[in-house]
Amino acid sequence: MGGGEQKLRRDVSKDVRSRRQMTTATRQEVLSLYRSIFRLSRKWQAASGQMEDTMEEKHYMLNEARTLFRKNKNLTDTDLIKQCIDECKARIEIGLHYQIPYPRPIHLPPMGLTPLRGRGLRTQEKLRKLSKPVYLKSHDEVS
């Protein structure tokens with residue numbers, strides 16, 4: 001075995017170890033977010049002050065968290081995992097700031113992004129997807 005092959009094996013094993021460490025840190029971050037959502041739901045009070053609204057919002061928060069976390073539990077792509085983590089953090093911050101657990105809607109005209117010519121519809125769909133805020137990426141998939 002030549003020196004080049006040994007160096008390549010060391011580099012590969014080092015890369016595998018660093019990925020493993022990164023996924024451990026990512027796993028801890030995801031579990032921490034999951035726990036924080038459950039803690040938040042325990043303390044949650046509806047803006048209306050009504051007990052029925054509070055219970056409905058708590059139930060929504062817990063079901064949404066369970067559904068999204070279960071849906072994404074098998075993700076392995078680090079970029080997709082990072083996007084999901086960013087979405088979760090954004091939704092928590094928006095919920096705390098506006099005192100609503102539901103994602104805030106975006107207001108775009110239904111077909112007003114590009115003129116419809118030939119490939120306009122595909123272009124419009126692509127622009128709409130790109131313009132969607134981070135906190136709404138998974139909302140349409142689950143709802």
# chains A, B, ... in the order shown; residues from 1 in each chain; ligands from 1

call {"tool": "select_by_dssp", "arguments": {"residues": "range 74-106 of chain A", "states": "alpha helix (DSSP H)", "output": "PyMOL selection string"}}
result
chain A and resi 78-98

call {"tool": "residues_around", "arguments": {"residues": "range 40-46 of chain A", "least_positions_apart": "3", "cutoff": "10 Å", "atoms": "only C-alpha atoms", "output": "NGL selection string"}}
result
:A and (34-37 or 49-62 or 92 or 95-96 or 99-101)

call {"tool": "residues_around", "arguments": {"residues": "Leu33 in chain A", "least_positions_apart": "5", "cutoff": "9 Å", "atoms": "only C-alpha atoms", "output": "VMD selection string"}}
result
chain A and resid 28 38 85 88 to 89

call {"tool": "write_last_selection", "arguments": {"atoms": "N, CA, C and O atoms", "output": "mmCIF file, in the first residue's frame"}}
result
data_model
loop_
_atom_site.group_PDB
_atom_site.id
_atom_site.type_symbol
_atom_site.label_atom_id
_atom_site.label_comp_id
_atom_site.auth_asym_id
_atom_site.auth_seq_id
_atom_site.Cartn_x
_atom_site.Cartn_y
_atom_site.Cartn_z
ATOM 1 N N GLN A 28 -28.430 17.147 19.117
ATOM 2 C CA GLN A 28 -28.670 17.817 20.392
ATOM 3 C C GLN A 28 -29.451 19.111 20.189
ATOM 4 O O GLN A 28 -30.344 19.437 20.974
ATOM 5 N N PHE A 38 -42.221 21.997 23.671
ATOM 6 C CA PHE A 38 -43.103 21.402 24.673
ATOM 7 C C PHE A 38 -43.160 22.254 25.941
ATOM 8 O O PHE A 38 -44.225 22.413 26.542
ATOM 9 N N ILE A 85 -34.141 23.491 11.035
ATOM 10 C CA ILE A 85 -33.803 24.111 12.318
ATOM 11 C C ILE A 85 -34.083 25.612 12.265
ATOM 12 O O ILE A 85 -34.679 26.174 13.196
ATOM 13 N N CYS A 88 -37.809 26.194 12.420
ATOM 14 C CA CYS A 88 -38.315 25.975 13.780
ATOM 15 C C CYS A 88 -38.022 27.179 14.669
ATOM 16 O O CYS A 88 -38.900 27.671 15.379
ATOM 17 N N LYS A 89 -36.789 27.664 14.616
ATOM 18 C CA LYS A 89 -36.427 28.834 15.424
ATOM 19 C C LYS A 89 -37.249 30.050 15.032
ATOM 20 O O LYS A 89 -37.716 30.803 15.898
#

call {"tool": "closest_residue", "arguments": {"among": "A:Thr123, A:Ser138, A:Asn63, A:Thr26", "to": "Asp77 in chain A", "atoms": "only C-alpha atoms"}}
result
A:Thr26

call {"tool": "atom_distance", "arguments": {"atom1": "CA of Ile81 in chain A", "atom2": "CA of Arg66 in chain A"}}
result
16.0 Å
